[in-house]
Amino acid sequence: MSELGRMKVLNAKPVNLDGFSVADADLGLIAMRSPQDPSPSLLVRDGEVLELDGKSVAEFDVIDEFIARYGIDLAVADEAMALDDAVLARMAVDVNVSRAEVVRLIGGTTPAKLAHVVALLSPVEMQMAMTKLRARRTPSNQAHVTNQLDDPLLIAADAASAVAYGFREVETTVPVLGDAPSNAVALLIGSQVGTPGAMAQCSIEEALELRLGLRGLTSYAETISIYGTEQVFVDGDDTPFSKAILTSAYASRGLKMRVTSGGGAEVLMGAAERCSILYLESRCVSLARALGSQGVQNGGIDGVGVVASVPEGMKELLAENLMVMMRDLESCAGNDNLISESDIRRSAHTLPVLLAGADFVFSGFGSIPRYDNAFALSNFNSDDMDDFLVLQRDWGADGGLRTVSADHLEAVRRRAARAVQAVYRDLGLADYDDDRVEEVVFANGSRDLPPGHPKIVAEAAASIEARQLTVFDVIASLHRTGFGDEAQAITRLTEERLRGDQLQTSAIFDDEFRVLSKLTDPNDYAGPGTGYAPTAQRQSEIDGIRQARTSSELTADQAEHHGHVIVTDVEPARQGSDPREVCIGLSPAWGRSVWLTLCGLTVGEVLRQISAGLEEEGCVPRLVRVRSTIDVGLIGLTAARLSGSGIGIGLQGKGTSLIHRRDLAPLANLELFSVAPLLTAGMYRDLGKNAARHAKGMAPVPIFTGGTDESISARYHARAVALVSLERQACEPGEPPVTIEVRRP
């Protein structure tokens, strides 16, 4: 039968590449109003919280306890909790009610109360409320500045480009953890070229990030992750109390700091406790306030593909930002992760925030090409810059950015690259020639550059760490090499840390180092509005798209490969003694209910390739099933601690894999394959080879999966959640690992 012509055209549209899921409260795949969300309640006696959102004090988990202790203004709690949800919702929108009054009352609400209030608002009403309730009057924007080579000249040139466009915060990270000190120095220098005063951060493992900040090489942090369920905190080896200490450590040294949450994280970890994404994020935002954080980066972040896959997902993402504002915190409003392959959907996600205004419209506009973004593909990237600038013009909205001429862009890129070239030469870190500078000036991204010496960045970063270079070394070097303007700008930035004004809520520096914040630039908006709310019937029509898939449908292909390997328990796993032994830790559902990885390889083929890589390097694999956790980091660490060599490999059924060493922290692995859909058989074999090289004390060969312009989150997250659910069902908390045998039938 012939396909309808109009349906054929629709089937070819990019939106059909995204993943969609039927709302499923059991998996946490529900944006708002899960049947399992608690009803708001608060019982206080003699200044002590005895009941919080339906839980007695004896039932509190660690998040409840922290919020009860530090996150609720008990002086206003009785008044706030007695108000009807609709009354509070209208106050958030009503121009006759001041921002200060809304903030005062919301300070006395519980997480469930705030979630109930925000869920009553339509998207238009949320925008109206955001316009009134954001902390700082002047909107701003933040940029991602990364590249796949960790090339310091390119990082500096791209940072200078970003601040030229108007970004007041720039954020980098690394494909290779050891390169972080080099990236931080390059970003610091580049961010003060042409337009001074932008703050910079290097988002990496928390301890190293803090050390770089204490040495003055960064000026803010935001990737201190918090979560809405205790299980995910446990999986991440954290608690609210440890995050509070870390928050205080940053602030005590003049480092601006906000936390990161964002809906969907708990769903991805298979521990959403059947609650809605909105309620769990309300817990996170309440926790952020209790921690003393200056603000929150949310609006989906890494879990944005999960949230966007369910009905009302876009609405929930906007609600996350609004809750931050209502808690009187700086809102860094997401948009930093590509939400869809559809240009229409990704623009629709961004436009409400742009129109309403936020302290930061993006918590990471990709100021570099998609493929160079080492965080993840941003919702807008460098090739979207003109589109964003036109949107500002079309709507008369300030998204913090401005048009830059080609001549000016060339000038600041050359200045930044030359400054880093000079400093690296002066400090004996690396010697980049003038040809490399010119290549960087005119490059769109790392794919336009020759790869250069493979060890040059690693050696420079190692030298920075070995010598414990600080911001003062950078300043002195800039002075010696003729870059006095940049030296003065960094000096001024460092001086301002001593004043501490940048620790005010929503603080940024303008290009004259004046602090704009909730105190010095308070939001004084007072505008009216009403809006449309869909009927239940219409909402059902909106929700019922033909592309939606149930959890069963998302995992249907697993049955096609059932039993292609046979797994047999041998004995309780014991500590190995053979120095050639590398343990491969397998997740609870591997070869039980998960048989096919996200990249299309069977779990048996992935294991065969990893084992072959080990054997080719002269090592002996031993297979261990880790039953008590689904976290790939803990699986790998458990394997490493059992391994005779002290090196282990962690492997989830969906294909995520890593190399670990027994003496490292759970999140500080040696090598990580985090984007399972992009992996190949050859990459898994190379992972095995690198694990063996670690075991033998040899240098591994870097495995570059390369940049991608696919929307991995949108395309695969719904399926990944379904596979993680199978893993969670197979998990046996408290059970020790067992040695297993795997054979083909």
# chains A, B, ... in the order shown; residues from 1 in each chain; ligands from 1

call {"tool": "residues_around", "arguments": {"residues": "range 234-241 of chain A", "least_positions_apart": "5", "cutoff": "12 Å", "atoms": "only C-alpha atoms", "output": "number ranges by chain"}}
result
A: 61-67, 69-71, 206, 224-229, 246-248, 259, 265-266, 269-271, 283-284, 286-293, 628-635, 665-668, 728, 733

call {"tool": "write_last_selection", "arguments": {"atoms": "C-alpha atoms", "output": "CSV table (one decimal), in the first residue's frame"}}
result
chain,number,residue,atom,x,y,z
A,61,ASP,CA,15.9,10.8,54.5
A,62,VAL,CA,19.1,12.9,54.4
A,63,ILE,CA,17.5,15.5,52.0
A,64,ASP,CA,14.5,15.9,54.2
A,65,GLU,CA,16.7,16.4,57.2
A,66,PHE,CA,18.9,19.0,55.6
A,67,ILE,CA,15.9,21.0,54.2
A,69,ARG,CA,17.2,22.1,59.4
A,70,TYR,CA,18.3,24.8,57.0
A,71,GLY,CA,15.9,25.3,54.1
A,206,GLU,CA,35.3,18.7,42.3
A,224,ILE,CA,28.6,21.0,42.2
A,225,SER,CA,25.8,18.6,41.6
A,226,ILE,CA,22.8,18.0,43.9
A,227,TYR,CA,20.0,15.5,43.5
A,228,GLY,CA,16.3,15.0,44.5
A,229,THR,CA,16.6,11.5,45.9
A,246,LEU,CA,32.2,22.3,49.4
A,247,THR,CA,30.0,25.3,48.9
A,248,SER,CA,31.5,27.0,52.0
A,259,VAL,CA,25.0,24.3,42.3
A,265,ALA,CA,18.9,13.1,36.6
A,266,GLU,CA,17.1,10.9,39.1
A,269,MET,CA,19.8,6.9,37.5
A,270,GLY,CA,16.7,4.7,37.9
A,271,ALA,CA,15.9,6.2,41.3
A,283,ARG,CA,13.6,19.4,46.5
A,284,CYS,CA,16.9,20.2,44.8
A,286,SER,CA,15.1,23.9,48.3
A,287,LEU,CA,18.3,22.1,49.1
A,288,ALA,CA,20.3,24.7,47.1
A,289,ARG,CA,18.8,27.4,49.3
A,290,ALA,CA,19.6,25.5,52.4
A,291,LEU,CA,23.2,24.9,51.3
A,292,GLY,CA,23.9,28.7,51.1
A,293,SER,CA,24.5,28.5,47.3
A,628,SER,CA,24.8,-4.1,44.7
A,629,THR,CA,25.0,-1.0,42.4
A,630,ILE,CA,24.2,0.1,38.9
A,631,ASP,CA,26.7,3.1,38.9
A,632,VAL,CA,29.4,2.4,36.4
A,633,GLY,CA,32.0,4.2,38.5
A,634,LEU,CA,31.4,2.0,41.5
A,635,ILE,CA,31.2,-1.1,39.3
A,665,ALA,CA,37.8,8.1,44.2
A,666,PRO,CA,34.6,6.6,42.7
A,667,LEU,CA,34.2,9.5,40.2
A,668,ALA,CA,37.9,9.9,39.4
A,728,ARG,CA,17.7,-1.1,38.8
A,733,PRO,CA,21.7,-3.9,47.4

call {"tool": "residues_around", "arguments": {"residues": "range 424-426 of chain A", "least_positions_apart": "4", "cutoff": "12 Å", "atoms": "only C-alpha atoms", "output": "compact mmCIF listing (two decimals) with N, CA and C atoms, in the first residue's frame"}}
result
# COMPACT_ATOMS: atom_id res chain seq x y z
N PRO A 152 45.28 25.06 23.99
CA PRO A 152 45.16 26.27 24.81
C PRO A 152 45.05 27.54 23.98
N LEU A 153 45.70 27.60 22.81
CA LEU A 153 45.58 28.78 21.97
C LEU A 153 44.15 28.93 21.46
N SER A 182 45.89 23.35 32.23
CA SER A 182 46.20 24.11 31.02
C SER A 182 44.97 24.84 30.50
N VAL A 185 44.22 27.96 32.68
CA VAL A 185 45.11 29.09 32.44
C VAL A 185 44.76 29.78 31.12
N ALA A 186 44.55 28.97 30.06
CA ALA A 186 44.22 29.54 28.75
C ALA A 186 42.91 30.31 28.80
N ILE A 189 43.30 33.75 30.64
CA ILE A 189 43.94 34.78 29.83
C ILE A 189 42.99 35.25 28.73
N ALA A 417 45.44 34.46 21.41
CA ALA A 417 46.34 33.36 21.07
C ALA A 417 47.79 33.74 21.30
N ARG A 418 48.15 34.97 20.94
CA ARG A 418 49.53 35.42 21.15
C ARG A 418 49.85 35.54 22.63
N ALA A 419 48.89 35.98 23.43
CA ALA A 419 49.13 36.09 24.87
C ALA A 419 49.42 34.73 25.48
N VAL A 420 48.64 33.73 25.11
CA VAL A 420 48.89 32.38 25.63
C VAL A 420 50.20 31.83 25.09
N ALA A 430 55.23 25.30 27.01
CA ALA A 430 55.13 24.79 25.65
C ALA A 430 55.60 25.89 24.71
N ASP A 431 55.97 25.50 23.50
CA ASP A 431 56.44 26.46 22.51
C ASP A 431 55.62 26.31 21.23
N TYR A 432 54.60 27.15 21.10
CA TYR A 432 53.76 27.16 19.90
C TYR A 432 54.32 28.19 18.93
N ASP A 433 54.46 27.82 17.66
CA ASP A 433 55.03 28.75 16.69
C ASP A 433 53.96 29.70 16.15
N ILE A 456 51.80 17.62 23.99
CA ILE A 456 52.18 18.97 24.37
C ILE A 456 51.25 19.56 25.43
N VAL A 457 49.95 19.33 25.29
CA VAL A 457 49.01 19.87 26.28
C VAL A 457 49.14 19.16 27.61
N GLU A 459 51.73 17.69 28.86
CA GLU A 459 52.98 18.07 29.52
C GLU A 459 52.88 19.48 30.11
N ALA A 460 52.23 20.39 29.39
CA ALA A 460 52.04 21.74 29.93
C ALA A 460 51.18 21.71 31.19
N ALA A 461 50.09 20.95 31.14
CA ALA A 461 49.20 20.85 32.31
C ALA A 461 49.93 20.22 33.49
N SER A 463 53.08 20.32 34.12
CA SER A 463 54.04 21.29 34.65
C SER A 463 53.34 22.34 35.50
N ILE A 464 52.17 22.80 35.08
CA ILE A 464 51.41 23.77 35.88
C ILE A 464 51.11 23.20 37.25
N LEU A 469 51.55 26.52 39.88
CA LEU A 469 51.46 27.89 39.39
C LEU A 469 50.14 28.51 39.82
N ASP A 473 51.61 34.05 39.05
CA ASP A 473 52.58 33.65 38.04
C ASP A 473 52.10 34.06 36.65
N VAL A 474 50.81 33.90 36.40
CA VAL A 474 50.25 34.28 35.10
C VAL A 474 50.33 35.80 34.91
N ILE A 475 49.97 36.55 35.94
CA ILE A 475 50.02 38.01 35.85
C ILE A 475 51.45 38.49 35.57
N ALA A 476 52.41 37.95 36.32
CA ALA A 476 53.81 38.37 36.15
C ALA A 476 54.30 38.04 34.74
N SER A 477 53.92 36.87 34.24
CA SER A 477 54.35 36.48 32.90
C SER A 477 53.75 37.40 31.84
N LEU A 478 52.48 37.75 31.99
CA LEU A 478 51.85 38.67 31.04
C LEU A 478 52.56 40.02 31.04
N HIS A 479 52.94 40.51 32.22
CA HIS A 479 53.69 41.76 32.30
C HIS A 479 55.03 41.64 31.57
N ARG A 480 55.73 40.55 31.83
CA ARG A 480 57.05 40.38 31.23
C ARG A 480 57.00 40.29 29.71
N THR A 481 55.91 39.77 29.19
CA THR A 481 55.83 39.50 27.74
C THR A 481 55.06 40.56 26.97
N GLY A 482 54.73 41.67 27.63
CA GLY A 482 54.14 42.79 26.90
C GLY A 482 52.63 42.80 26.81

call {"tool": "select_by_dssp", "arguments": {"residues": "range 144-253 of chain A", "states": "strand (DSSP E)", "output": "number ranges by chain"}}
result
A: 144, 169-172, 199-202, 220-225

call {"tool": "write_last_selection", "arguments": {"atoms": "N, CA and C atoms", "output": "PDB file, in the first residue's frame"}}
result
ATOM      1  N   HIS A 144      30.003  28.242  26.790  1.00  0.00           N
ATOM      2  CA  HIS A 144      30.933  27.120  26.825  1.00  0.00           C
ATOM      3  C   HIS A 144      32.114  27.430  25.904  1.00  0.00           C
ATOM      4  N   GLU A 169      30.191  35.233  31.674  1.00  0.00           N
ATOM      5  CA  GLU A 169      30.806  34.047  32.271  1.00  0.00           C
ATOM      6  C   GLU A 169      31.203  33.107  31.148  1.00  0.00           C
ATOM      7  N   VAL A 170      32.375  32.486  31.283  1.00  0.00           N
ATOM      8  CA  VAL A 170      32.833  31.504  30.302  1.00  0.00           C
ATOM      9  C   VAL A 170      33.263  30.255  31.055  1.00  0.00           C
ATOM     10  N   GLU A 171      32.888  29.127  30.503  1.00  0.00           N
ATOM     11  CA  GLU A 171      33.069  27.842  31.199  1.00  0.00           C
ATOM     12  C   GLU A 171      33.762  26.856  30.265  1.00  0.00           C
ATOM     13  N   THR A 172      34.799  26.217  30.794  1.00  0.00           N
ATOM     14  CA  THR A 172      35.471  25.176  30.025  1.00  0.00           C
ATOM     15  C   THR A 172      35.434  23.864  30.783  1.00  0.00           C
ATOM     16  N   MET A 199      33.931  36.367  34.262  1.00  0.00           N
ATOM     17  CA  MET A 199      34.386  35.338  35.197  1.00  0.00           C
ATOM     18  C   MET A 199      34.500  34.006  34.474  1.00  0.00           C
ATOM     19  N   ALA A 200      35.440  33.163  34.937  1.00  0.00           N
ATOM     20  CA  ALA A 200      35.753  31.916  34.238  1.00  0.00           C
ATOM     21  C   ALA A 200      35.760  30.748  35.205  1.00  0.00           C
ATOM     22  N   GLN A 201      35.393  29.584  34.687  1.00  0.00           N
ATOM     23  CA  GLN A 201      35.467  28.366  35.490  1.00  0.00           C
ATOM     24  C   GLN A 201      35.938  27.207  34.627  1.00  0.00           C
ATOM     25  N   CYS A 202      36.489  26.195  35.297  1.00  0.00           N
ATOM     26  CA  CYS A 202      36.898  24.952  34.647  1.00  0.00           C
ATOM     27  C   CYS A 202      36.165  23.821  35.347  1.00  0.00           C
ATOM     28  N   TYR A 220      34.783  31.250  39.414  1.00  0.00           N
ATOM     29  CA  TYR A 220      33.476  30.775  39.856  1.00  0.00           C
ATOM     30  C   TYR A 220      33.357  29.287  39.578  1.00  0.00           C
ATOM     31  N   ALA A 221      32.334  28.667  40.160  1.00  0.00           N
ATOM     32  CA  ALA A 221      32.068  27.245  39.957  1.00  0.00           C
ATOM     33  C   ALA A 221      30.564  27.038  39.944  1.00  0.00           C
ATOM     34  N   GLU A 222      30.120  26.018  39.203  1.00  0.00           N
ATOM     35  CA  GLU A 222      28.684  25.733  39.190  1.00  0.00           C
ATOM     36  C   GLU A 222      28.375  24.248  39.047  1.00  0.00           C
ATOM     37  N   THR A 223      29.361  23.413  38.808  1.00  0.00           N
ATOM     38  CA  THR A 223      29.064  21.999  38.563  1.00  0.00           C
ATOM     39  C   THR A 223      29.183  21.179  39.842  1.00  0.00           C
ATOM     40  N   ILE A 224      28.660  21.724  40.936  1.00  0.00           N
ATOM     41  CA  ILE A 224      28.557  20.999  42.193  1.00  0.00           C
ATOM     42  C   ILE A 224      27.148  20.412  42.209  1.00  0.00           C
ATOM     43  N   SER A 225      27.050  19.148  41.851  1.00  0.00           N
ATOM     44  CA  SER A 225      25.750  18.555  41.551  1.00  0.00           C
ATOM     45  C   SER A 225      25.001  18.152  42.814  1.00  0.00           C
TER      46      SER A 225
END

call {"tool": "select_by_dssp", "arguments": {"residues": "range 111-210 of chain A", "states": "alpha helix (DSSP H)", "output": "PyMOL selection string"}}
result
chain A and resi 111-119+123-133+152-165+180-190+206-210

call {"tool": "residues_around", "arguments": {"residues": "range 334-347 of chain A", "least_positions_apart": "3", "cutoff": "8 Å", "atoms": "only C-alpha atoms", "output": "PyMOL selection string"}}
result
chain A and resi 13-15+17-18+297-302+304-305+308+350-351+361-366+376-380+710-711+713-715

call {"tool": "atom_distance", "arguments": {"atom1": "CA of Gly357 in chain A", "atom2": "CA of Arg134 in chain A"}}
result
7.7 Å

call {"tool": "closest_residue", "arguments": {"among": "A:Leu503, A:Leu217, A:Ala129, A:Ala100", "to": "Met257 in chain A", "atoms": "only C-alpha atoms"}}
result
A:Leu503

call {"tool": "closest_residue", "arguments": {"among": "A:Gln547, A:Gln488, A:Asn690, A:Gln652", "to": "Ala612 in chain A", "atoms": "only C-alpha atoms"}}
result
A:Asn690

call {"tool": "atom_distance", "arguments": {"atom1": "CA of Gly28 in chain A", "atom2": "CA of Val232 in chain A"}}
result
13.4 Å

call {"tool": "closest_residue", "arguments": {"among": "A:Gly47, A:Gly166, A:Pro451, A:Gly19", "to": "Gln148 in chain A", "atoms": "only C-alpha atoms"}}
result
A:Pro451

call {"tool": "closest_residue", "arguments": {"among": "A:Leu672, A:Arg744, A:Ser382, A:Leu614", "to": "His562 in chain A", "atoms": "only C-alpha atoms"}}
result
A:Arg744

call {"tool": "residues_around", "arguments": {"residues": "Leu623 in chain A", "least_positions_apart": "2", "cutoff": "7 Å", "atoms": "only C-alpha atoms", "output": "ChimeraX atom specification"}}
result
/A:583-585,621,625,739-741

call {"tool": "residues_around", "arguments": {"residues": "Asp407 in chain A", "least_positions_apart": "5", "cutoff": "12 Å", "atoms": "only C-alpha atoms", "output": "PyMOL selection string"}}
result
chain A and resi 161+164+412-414+441-442

call {"tool": "closest_residue", "arguments": {"among": "A:Gly653, A:Pro35, A:Pro40, A:Gly646", "to": "Arg274 in chain A", "atoms": "only C-alpha atoms"}}
result
A:Pro35

call {"tool": "closest_residue", "arguments": {"among": "A:Ser577, A:Thr110, A:Ser98, A:Gln36", "to": "Leu52 in chain A", "atoms": "only C-alpha atoms"}}
result
A:Thr110

call {"tool": "residues_around", "arguments": {"residues": "range 515-529 of chain A", "least_positions_apart": "5", "cutoff": "12 Å", "atoms": "only C-alpha atoms", "output": "number ranges by chain"}}
result
A: 90-100, 122-140, 168, 197-199, 294-295, 325, 328-331, 356-359, 493, 496-497, 499-510

call {"tool": "residues_around", "arguments": {"residues": "Gly190 in chain A", "least_positions_apart": "5", "cutoff": "7 Å", "atoms": "only C-alpha atoms", "output": "PyMOL selection string"}}
result
chain A and resi 156-157+159-160+416

call {"tool": "atom_distance", "arguments": {"atom1": "CA of Pro702 in chain A", "atom2": "CA of Pro454 in chain A"}}
result
9.2 Å
